[in-house]
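Student: Dropping in final02.txt, with compact mmCIF, C-alpha atoms.
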```txt
# COMPACT_ATOMS: atom_id res chain seq x y z
CA MET A 1 239.33 151.81 150.43
CA THR A 2 236.26 150.28 152.03
CA THR A 3 236.54 146.64 151.04
CA SER A 4 233.26 144.87 150.39
CA THR A 5 232.01 141.83 152.28
CA HIS A 6 229.60 140.73 149.57
CA GLY A 7 231.89 140.06 146.65
CA PRO A 8 235.35 140.47 145.18
CA VAL A 9 236.53 143.28 142.92
CA LEU A 10 237.00 142.39 139.25
CA ILE A 11 239.93 144.03 137.46
CA THR A 12 240.04 143.45 133.72
CA GLY A 13 243.46 143.81 132.14
CA ALA A 14 245.03 142.69 135.43
CA ALA A 15 248.26 141.58 133.73
CA GLY A 16 248.58 145.00 132.12
CA PHE A 17 250.54 147.96 133.43
CA ILE A 18 247.79 149.83 135.30
CA GLY A 19 245.80 146.69 136.14
CA PHE A 20 248.79 145.07 137.84
CA HIS A 21 249.53 148.11 140.01
CA LEU A 22 245.85 148.55 140.92
CA ALA A 23 245.42 144.87 141.80
CA ARG A 24 248.52 144.97 144.00
CA ARG A 25 247.23 148.05 145.81
CA LEU A 26 243.74 146.63 146.39
CA LEU A 27 245.24 143.39 147.72
CA GLU A 28 247.34 145.45 150.15
CA LEU A 29 244.12 147.12 151.29
CA GLY A 30 242.57 143.75 152.05
CA ALA A 31 240.29 143.29 149.02
CA ASN A 32 239.68 139.99 147.27
CA VAL A 33 240.56 140.49 143.62
CA VAL A 34 239.70 138.52 140.50
CA GLY A 35 242.01 139.50 137.67
CA LEU A 36 241.01 138.96 134.04
CA ASP A 37 243.39 139.13 131.08
CA ASN A 38 243.73 137.44 127.69
CA LEU A 39 247.56 137.74 127.73
CA ASN A 40 247.63 138.79 124.07
CA ASP A 41 250.92 139.43 122.29
CA TYR A 42 250.44 143.14 121.50
CA TYR A 43 253.62 143.42 123.55
CA ASP A 44 255.88 140.83 125.22
CA PRO A 45 253.62 138.42 127.16
CA ALA A 46 256.60 137.52 129.38
CA LEU A 47 256.30 140.93 131.07
CA LYS A 48 252.59 140.31 131.64
CA ARG A 49 253.33 136.89 133.15
CA ALA A 50 255.99 138.39 135.42
CA ARG A 51 253.43 140.90 136.72
CA LEU A 52 250.91 138.10 137.23
CA ALA A 53 253.43 135.98 139.13
CA GLN A 54 253.70 138.75 141.72
CA LEU A 55 249.93 138.98 142.12
CA GLU A 56 249.41 135.22 142.29
CA SER A 57 251.65 134.97 145.35
CA ASN A 58 248.71 136.49 147.26
CA PRO A 59 245.93 133.96 148.07
CA ALA A 60 243.32 136.74 147.83
CA PHE A 61 244.04 137.02 144.08
CA GLN A 62 242.51 134.76 141.44
CA PHE A 63 243.50 134.95 137.77
CA VAL A 64 241.09 134.14 134.96
CA ARG A 65 242.26 134.03 131.35
CA ILE A 66 239.37 135.22 129.16
CA ASP A 67 239.05 137.55 126.21
CA LEU A 68 236.63 140.44 126.80
CA ALA A 69 234.93 139.64 123.50
CA ASP A 70 234.07 136.09 124.74
CA ARG A 71 230.41 136.76 125.49
CA PRO A 72 229.48 133.43 127.15
CA GLY A 73 232.78 133.37 129.04
CA ILE A 74 232.25 136.86 130.49
CA GLN A 75 228.64 136.01 131.35
CA ARG A 76 229.75 132.90 133.29
CA LEU A 77 232.43 134.87 135.09
CA PHE A 78 229.91 137.40 136.41
CA GLU A 79 227.41 134.70 137.39
CA GLU A 80 230.05 132.73 139.32
CA HIS A 81 231.58 135.57 141.35
CA ALA A 82 228.92 138.19 142.22
CA PHE A 83 231.38 141.08 142.00
CA SER A 84 230.83 144.06 144.28
CA LYS A 85 232.76 146.44 142.04
CA VAL A 86 234.39 146.24 138.61
CA VAL A 87 237.33 148.16 137.17
CA ASN A 88 237.55 147.77 133.39
CA LEU A 89 241.13 148.46 132.28
CA ALA A 90 241.37 145.82 129.54
CA ALA A 91 241.49 147.36 126.09
CA GLN A 92 243.40 147.24 122.87
CA ALA A 93 245.77 150.10 123.55
CA GLY A 94 247.89 152.31 121.33
CA VAL A 95 247.03 155.18 119.00
CA ARG A 96 249.39 154.25 116.17
CA TYR A 97 248.49 150.54 116.19
CA SER A 98 244.83 151.49 115.63
CA LEU A 99 245.83 152.63 112.13
CA GLU A 100 247.17 149.13 111.36
CA ASN A 101 244.64 146.84 113.04
CA PRO A 102 241.29 148.62 113.51
CA TYR A 103 239.24 145.46 114.10
CA ALA A 104 241.19 144.64 117.28
CA TYR A 105 239.87 147.89 118.77
CA ILE A 106 236.24 147.17 118.01
CA ASP A 107 236.47 143.59 119.32
CA SER A 108 238.10 144.54 122.62
CA ASN A 109 237.07 148.12 123.28
CA VAL A 110 233.48 148.09 122.00
CA VAL A 111 232.20 144.48 121.94
CA GLY A 112 234.24 143.62 125.02
CA PHE A 113 233.03 146.67 126.91
CA LEU A 114 229.41 145.83 126.08
CA ASN A 115 229.97 142.38 127.63
CA ILE A 116 231.26 144.05 130.80
CA LEU A 117 228.27 146.42 130.92
CA GLU A 118 225.87 143.52 130.50
CA GLY A 119 227.64 141.51 133.19
CA CYS A 120 227.39 144.44 135.59
CA ARG A 121 223.71 145.02 134.78
CA GLN A 122 222.65 141.40 135.05
CA THR A 123 224.38 140.80 138.39
CA GLY A 124 223.78 144.13 140.14
CA VAL A 125 227.38 145.33 140.40
CA GLY A 126 227.59 148.27 142.82
CA HIS A 127 230.00 150.43 140.79
CA LEU A 128 231.73 150.13 137.42
CA VAL A 129 234.85 152.24 136.96
CA PHE A 130 236.28 152.16 133.45
CA ALA A 131 239.36 153.49 131.71
CA SER A 132 238.79 156.18 129.14
CA SER A 133 241.68 158.20 127.75
CA SER A 134 242.99 161.72 127.21
CA SER A 135 242.89 160.84 123.50
CA VAL A 136 239.13 161.55 123.46
CA TYR A 137 239.97 165.28 123.44
CA GLY A 138 241.13 164.87 119.84
CA LEU A 139 241.17 168.17 117.97
CA ASN A 140 240.31 170.21 121.09
CA THR A 141 242.87 172.99 121.63
CA LYS A 142 241.43 174.80 124.69
CA MET A 143 243.80 174.03 127.56
CA PRO A 144 243.65 172.50 130.05
CA PHE A 145 241.31 169.75 128.84
CA SER A 146 238.15 169.63 130.97
CA VAL A 147 235.57 166.86 131.36
CA HIS A 148 232.98 169.61 130.98
CA ASP A 149 234.11 170.31 127.39
CA ASN A 150 232.60 168.68 124.32
CA VAL A 151 234.74 165.87 122.84
CA ASP A 152 233.31 164.98 119.44
CA HIS A 153 236.39 165.17 117.20
CA PRO A 154 238.68 162.18 117.81
CA VAL A 155 241.73 161.75 115.57
CA SER A 156 242.28 157.99 115.98
CA LEU A 157 240.03 154.94 116.11
CA TYR A 158 241.44 154.19 119.57
CA ALA A 159 240.13 157.57 120.75
CA ALA A 160 236.77 156.95 119.07
CA THR A 161 236.36 153.62 120.89
CA LYS A 162 237.09 155.31 124.23
CA LYS A 163 234.50 157.98 123.49
CA ALA A 164 232.12 155.16 122.56
CA ASN A 165 232.76 153.57 125.97
CA GLU A 166 231.71 156.80 127.68
CA LEU A 167 228.49 156.94 125.64
CA MET A 168 227.69 153.26 126.21
CA ALA A 169 228.33 153.60 129.96
CA HIS A 170 226.06 156.63 130.19
CA THR A 171 223.29 154.72 128.43
CA TYR A 172 223.49 151.90 131.00
CA ALA A 173 223.54 154.40 133.87
CA HIS A 174 220.44 156.08 132.41
CA LEU A 175 218.46 152.96 131.48
CA TYR A 176 219.35 150.63 134.34
CA GLY A 177 220.66 152.86 137.12
CA LEU A 178 224.10 151.22 136.92
CA PRO A 179 226.59 153.52 138.71
CA VAL A 180 229.50 154.14 136.33
CA THR A 181 232.56 156.37 136.44
CA GLY A 182 234.86 156.97 133.48
CA LEU A 183 238.49 157.97 134.04
CA ARG A 184 240.41 159.76 131.33
CA PHE A 185 244.02 158.77 131.94
CA PHE A 186 246.82 161.06 130.75
CA THR A 187 250.07 159.38 129.51
CA VAL A 188 250.71 156.95 132.36
CA TYR A 189 254.31 155.93 133.08
CA GLY A 190 256.36 154.18 135.75
CA PRO A 191 257.87 150.82 136.80
CA TRP A 192 256.45 147.74 135.02
CA GLY A 193 255.29 150.07 132.24
CA ARG A 194 254.32 149.17 128.68
CA PRO A 195 257.21 148.43 126.28
CA ASP A 196 255.45 150.28 123.44
CA MET A 197 255.43 153.58 125.35
CA ALA A 198 258.02 156.32 124.87
CA LEU A 199 259.74 155.99 128.26
CA PHE A 200 260.38 152.26 127.77
CA LEU A 201 261.44 152.66 124.13
CA PHE A 202 263.76 155.59 124.85
CA THR A 203 265.39 153.94 127.87
CA ARG A 204 266.08 150.72 125.99
CA ALA A 205 267.46 152.51 122.90
CA ILE A 206 269.74 154.82 124.92
CA LEU A 207 271.17 151.89 126.87
CA GLU A 208 271.75 149.98 123.62
CA GLY A 209 273.37 152.98 121.93
CA ARG A 210 270.62 153.28 119.31
CA PRO A 211 269.02 156.56 118.19
CA ILE A 212 265.55 157.43 119.48
CA ASP A 213 262.70 158.58 117.24
CA VAL A 214 261.51 162.03 118.32
CA TYR A 215 258.20 162.96 116.68
CA ASN A 216 257.15 166.49 115.76
CA CYS A 217 260.85 167.38 116.24
CA GLY A 218 260.30 167.24 120.01
CA ARG A 219 257.65 169.98 119.99
CA MET A 220 255.11 167.81 121.78
CA GLN A 221 253.71 168.27 125.27
CA ARG A 222 252.31 165.47 127.38
CA ASP A 223 250.73 165.46 130.81
CA PHE A 224 252.88 162.53 132.00
CA THR A 225 251.20 160.92 135.03
CA TYR A 226 253.03 158.60 137.42
CA ILE A 227 251.45 155.19 137.98
CA ASP A 228 251.10 155.56 141.77
CA ASP A 229 249.07 158.73 141.25
CA ILE A 230 246.81 156.93 138.78
CA VAL A 231 246.23 154.07 141.23
CA GLU A 232 245.51 156.45 144.12
CA GLY A 233 242.92 158.21 141.98
CA VAL A 234 241.26 154.95 140.91
CA VAL A 235 241.08 153.62 144.48
CA ARG A 236 239.49 156.81 145.75
CA VAL A 237 237.02 156.98 142.86
CA LEU A 238 236.08 153.32 143.36
CA ASP A 239 234.75 154.23 146.80
CA ARG A 240 232.81 157.24 145.53
CA VAL A 241 229.72 155.76 143.90
CA PRO A 242 228.21 158.38 141.57
CA GLU A 243 224.71 159.73 142.12
CA PRO A 244 222.45 161.69 139.78
CA ASP A 245 223.35 165.38 139.55
CA PRO A 246 220.19 167.37 140.44
CA ALA A 247 221.68 170.52 138.86
CA TRP A 248 222.14 168.91 135.43
CA SER A 249 220.13 170.62 132.67
CA GLY A 250 219.26 169.40 129.20
CA ASP A 251 219.22 173.03 128.07
CA HIS A 252 222.95 173.27 128.83
CA PRO A 253 224.11 169.64 129.00
CA ASP A 254 227.32 169.13 130.98
CA PRO A 255 229.30 166.22 129.45
CA GLY A 256 231.05 165.49 132.77
CA THR A 257 227.92 164.85 134.87
CA SER A 258 224.39 163.54 134.32
CA PRO A 259 220.91 163.09 135.75
CA ALA A 260 221.97 159.40 135.80
CA PRO A 261 224.54 157.92 138.25
CA TYR A 262 227.42 158.73 135.89
CA ARG A 263 230.62 160.78 136.21
CA LEU A 264 233.75 161.50 134.21
CA TYR A 265 237.10 162.55 135.68
CA ASN A 266 240.51 163.38 134.27
CA ILE A 267 243.47 161.79 136.04
CA GLY A 268 246.55 163.68 134.88
CA ASN A 269 249.53 165.39 136.44
CA ASN A 270 248.07 168.81 135.45
CA SER A 271 251.58 169.88 134.48
CA PRO A 272 252.45 169.23 130.81
CA VAL A 273 256.08 168.49 129.94
CA GLU A 274 257.85 169.16 126.65
CA LEU A 275 259.05 165.96 124.99
CA MET A 276 262.64 167.26 124.91
CA ASP A 277 262.51 167.92 128.67
CA PHE A 278 261.14 164.40 129.18
CA ILE A 279 264.06 162.99 127.18
CA GLY A 280 266.46 165.15 129.20
CA ALA A 281 265.17 163.62 132.44
CA ILE A 282 265.76 160.11 131.03
CA GLU A 283 269.29 161.08 129.97
CA ARG A 284 270.05 162.39 133.46
CA ALA A 285 268.64 159.27 135.14
CA LEU A 286 270.74 157.03 132.86
CA GLY A 287 273.82 159.23 132.82
CA ARG A 288 273.91 159.00 129.02
CA THR A 289 273.03 161.25 126.10
CA ALA A 290 270.51 160.11 123.50
CA GLU A 291 271.14 160.25 119.77
CA LYS A 292 267.94 161.78 118.39
CA ASN A 293 266.24 161.04 115.08
CA MET A 294 263.91 164.02 114.50
CA LEU A 295 260.68 163.07 112.71
CA PRO A 296 257.39 164.77 111.75
CA MET A 297 254.13 164.35 113.66
CA GLN A 298 252.55 160.91 113.34
CA PRO A 299 248.96 160.40 112.11
CA GLY A 300 246.57 160.14 115.05
CA ASP A 301 248.84 162.06 117.43
CA VAL A 302 248.00 165.41 119.03
CA PRO A 303 250.54 168.16 119.79
CA ALA A 304 249.67 168.58 123.47
CA THR A 305 247.69 167.18 126.39
CA TYR A 306 246.97 168.95 129.68
CA ALA A 307 244.48 167.76 132.29
CA ASP A 308 242.10 169.93 134.28
CA VAL A 309 241.66 167.82 137.45
CA ALA A 310 239.42 170.20 139.40
CA SER A 311 236.45 167.80 139.29
CA LEU A 312 238.57 164.89 140.55
CA SER A 313 240.09 166.98 143.33
CA GLU A 314 236.68 168.24 144.42
CA ALA A 315 235.15 164.74 144.39
CA VAL A 316 237.88 162.70 146.12
CA GLY A 317 240.32 165.22 147.59
CA PHE A 318 243.28 164.13 145.49
CA LYS A 319 245.24 165.17 142.42
CA PRO A 320 248.41 163.69 140.92
CA SER A 321 251.65 165.49 141.83
CA THR A 322 254.69 163.22 141.31
CA PRO A 323 257.42 165.28 139.57
CA ILE A 324 258.66 163.92 136.24
CA GLU A 325 262.28 163.69 137.43
CA GLU A 326 261.26 161.51 140.38
CA GLY A 327 258.94 159.29 138.35
CA ILE A 328 261.51 158.69 135.61
CA ARG A 329 264.22 157.93 138.19
CA ARG A 330 261.99 155.25 139.73
CA PHE A 331 261.27 153.76 136.30
CA VAL A 332 264.94 153.66 135.33
CA ASN A 333 265.85 152.00 138.65
CA TRP A 334 263.20 149.35 138.03
CA TYR A 335 264.27 148.83 134.41
CA LEU A 336 267.93 148.38 135.32
CA ASP A 337 267.03 145.97 138.11
CA TYR A 338 264.57 143.95 136.00
CA TYR A 339 266.53 143.72 132.76
CA GLU A 340 270.16 144.47 133.60
CA GLY A 341 270.25 142.97 137.07
CA GLY A 342 268.12 139.90 136.40
CA SER A 343 267.80 137.22 133.76
CA GLN A 344 265.10 138.98 131.73
CA ALA A 345 265.91 139.76 128.12
CA PRO A 346 264.49 143.12 126.93
```
In structure tokens, what does this structure look like?
Tutor:
Amino acid sequence: MTTSTHGPVLITGAAGFIGFHLARRLLELGANVVGLDNLNDYYDPALKRARLAQLESNPAFQFVRIDLADRPGIQRLFEEHAFSKVVNLAAQAGVRYSLENPYAYIDSNVVGFLNILEGCRQTGVGHLVFASSSSVYGLNTKMPFSVHDNVDHPVSLYAATKKANELMAHTYAHLYGLPVTGLRFFTVYGPWGRPDMALFLFTRAILEGRPIDVYNCGRMQRDFTYIDDIVEGVVRVLDRVPEPDPAWSGDHPDPGTSPAPYRLYNIGNNSPVELMDFIGAIERALGRTAEKNMLPMQPGDVPATYADVASLSEAVGFKPSTPIEEGIRRFVNWYLDYYEGGSQAP
């Protein structure tokens, strides 16, 4: 990464799973990083604080506790730091939780994202990279999912807010020339991962001898993407500031590009895995067999995800490739070390 001399990089959601790994990588590359997080209790804040403790050991990292929806607070943050680049990873995550608490998604993912866009516009940020999600593909069934396909049929409010982020970002790119890149992440997993995600839940339950809930009777496919591959993609994209696409046509509008400085990319392993095979890899890594509680599909879920990463590969010369067996082994090793080998209580 080409680190900037005229301002630090802002990472929102820096105490989160992806934000922590990205901040650590950028610090290794010599960047100055300001990390924002509100440390909410959607999942165990102790895990977020443990991630932060690792980052704060580096003097080039500064932590700021602010909620994205705090309009004056975000405005002050941008005025004080003159960020060169911004990576917006903070969001209210989770498809199923969006059925229970819809307002949390609007506050964080829509109002909060508008505050980030305004901060970038008002202070001349050189590039905003923001997290979208594979969930925007919704009812689409044509595989693999492509950024050049239409995505107007979300099946959860979480997905709808991520689609809204893409539309809002495009508007700012068009009106104000703000360079923005949206990244549709596909089922990210790995060490320091989120406790509400399947890998974490399954590992904990198997170790505790409890049954695991397997939705759609295991007939789900996910494009599981290892965290290091996600970070590599983000770092490379951060250095590739989008420019207007001269070939774009309003007669045949391409959703993935624009006559504005705006791009969308998928970051996925481009190799979907059956849920039962995923569980099998966890069982092998743990050396234990899971007791399975077979359940129907959950509202808001989709049966399969599969990323077309041709645009990403063409733009930055990279595509994710970590095999699921290797990624799960690394996660299990971390989990056992963090929870079983240390003083942390899961």
Student: Could you produce a table of the residues of stretch 231-335 of chain A lying within 10 Å of stretch 191-201 of chain A, with the nearest pair of atoms per residue and their separation in Å rounded to one decimal, using all atoms listed in the file, ordered by chain and increasing residue number, as a tab-separated table?
Tutor:
```
residue	atom	partner	partner_atom	distance
A:Leu275	CA	A:Ala198	CA	9.7
A:Phe278	CA	A:Leu199	CA	8.6
A:Ile279	CA	A:Leu199	CA	8.3
A:Ile282	CA	A:Leu199	CA	7.8
A:Gly327	CA	A:Pro191	CA	8.7
A:Ile328	CA	A:Leu199	CA	8.0
A:Arg329	CA	A:Pro191	CA	9.6
A:Arg330	CA	A:Pro191	CA	6.7
A:Phe331	CA	A:Pro191	CA	4.5
A:Val332	CA	A:Pro191	CA	7.8
A:Asn333	CA	A:Pro191	CA	8.3
A:Trp334	CA	A:Pro191	CA	5.7
A:Tyr335	CA	A:Pro191	CA	7.1
```
Student: From the options A:Gly13, A:Pro261, A:Gly138, A:Gly268, which residue's atoms come nearest to A:Tyr176, counting all atoms listed in the file?
Tutor: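 Between A:Gly13, A:Pro261, A:Gly138, A:Gly268, the residue approaching A:Tyr176 most closely is A:Pro261.
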Student: Which residues are near A:Ala50? Cut-off 10 Å, only C-alpha atoms, ignore same chain within fewer than 5 positions. Put them as an mmCIF file with C-alpha atoms, keeping the file's coordinate frame.
Tutor:
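Writing the result to part.cif gives the following:
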```cif
data_model
loop_
_atom_site.group_PDB
_atom_site.id
_atom_site.type_symbol
_atom_site.label_atom_id
_atom_site.label_comp_id
_atom_site.auth_asym_id
_atom_site.auth_seq_id
_atom_site.Cartn_x
_atom_site.Cartn_y
_atom_site.Cartn_z
ATOM 1 C CA ALA A 15 248.260 141.580 133.730
ATOM 2 C CA PRO A 45 253.620 138.420 127.160
ATOM 3 C CA LEU A 55 249.930 138.980 142.120
ATOM 4 C CA TRP A 192 256.450 147.740 135.020
ATOM 5 C CA GLN A 344 265.100 138.980 131.730
#
```
Student: For stretch 62-78 of chain A, please output as a VMD selection string all residues within 10 Å (counting all atoms listed in the file; exclusion window: fewer than 4 positions along the same chain).
Tutor: chain A and resid 8 10 to 15 32 to 40 52 55 to 58 82 to 83 88 90 to 91 106 to 116 118 to 125
Student: Of the residues A:Arg49, A:Gly182, A:Leu238, A:Ser84, which is the one nearest to A:Leu22, using only C-alpha atoms?
Tutor: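 Checking each of A:Arg49, A:Gly182, A:Leu238, A:Ser84 against A:Leu22, counting only C-alpha atoms, the winner is A:Leu238.
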Student: Need to verify the contact set: A:Gly218, 8 Å, only C-alpha atoms, exclusion of same-chain residues closer than 4 positions in sequence. Can you return it as a ChimeraX atom specification?
Tutor: /A:214,274-276,294
Student: Provide the atom CA of A:Val136 to atom CA of A:Glu314 distance in Å, to one decimal place.
Tutor: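 Between atom CA of A:Val136 and atom CA of A:Glu314 the gap works out to 22.1 Å.
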Student: Could you give me, as a ChimeraX atom specification, the residues that have an atom at most 8 Å away from the point (239.7, 166.7, 140.5) in the coordinates of the file, using all atoms listed in the file?
Tutor: /A:265-267,308-319
Student: Please check which residues have atoms at most 10 Å from (241.1, 153.8, 143.6) in the file's coordinates, counting only C-alpha atoms, and write them as a list in words.
Tutor: Met1, Leu22, Arg25, Leu26, Val87, Val129, Asp229, Ile230, Val231, Glu232, Gly233, Val234, Val235, Arg236, Val237, Leu238, Asp239, Arg240 and Val316 of chain A
Student: Between A:Lys85, A:His174, A:Arg263, A:Arg222, which is the closest to A:Pro242 once you count all atoms listed in the file?
Tutor: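 Comparing A:Lys85, A:His174, A:Arg263, A:Arg222 against A:Pro242, the winner is A:Arg263.
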Student: Which distance in Å separates atom CA of A:Asp149 and atom CA of A:Ala131, to one decimal?
Tutor: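 One can read the atom CA of A:Asp149 to atom CA of A:Ala131 distance as 18.1 Å.
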Student: Distance atom CA of A:Asn269-atom CA of A:Phe202, one decimal place?
Tutor: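 The value is 20.8 Å.
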Student: Using all atoms listed in the file, determine which residues lie at most 12 Å from stretch 153-160 of chain A, disregarding the query and same-chain residues fewer than 5 positions distant; provide the list as a VMD selection string.
Tutor: chain A and resid 91 to 110 131 to 141 165 to 167 184 to 185 298 to 303
Student: Return the single residue from A:His127, A:Arg51, A:His170, A:His81 that is closest to A:Gly7, with distances computed using all atoms listed in the file.
Tutor: A:His81
Student: Might I get the box with edges along x, y and z of the file that holds all atoms of stretch 276-294 of chain A listed there, padded by 3 Å on every side, given as centre and edge lengths in Å to one decimal, as AutoDock Vina command-line options?
Tutor:
```
--center_x 267.5 --center_y 162.5 --center_z 124.8 --size_x 18.8 --size_y 16.9 --size_z 26.6
```
Student: Of the candidates A:Ile206, A:Leu117, A:Ile227, A:Leu295, which one gets nearest to A:Phe186 if we count all atoms listed in the file?
Tutor: A:Ile227
Student: I'd like to know which of A:Lys142, A:His148, A:Arg219, A:Lys162 is closest to A:Phe130, using only C-alpha atoms.
Tutor: A:Lys162
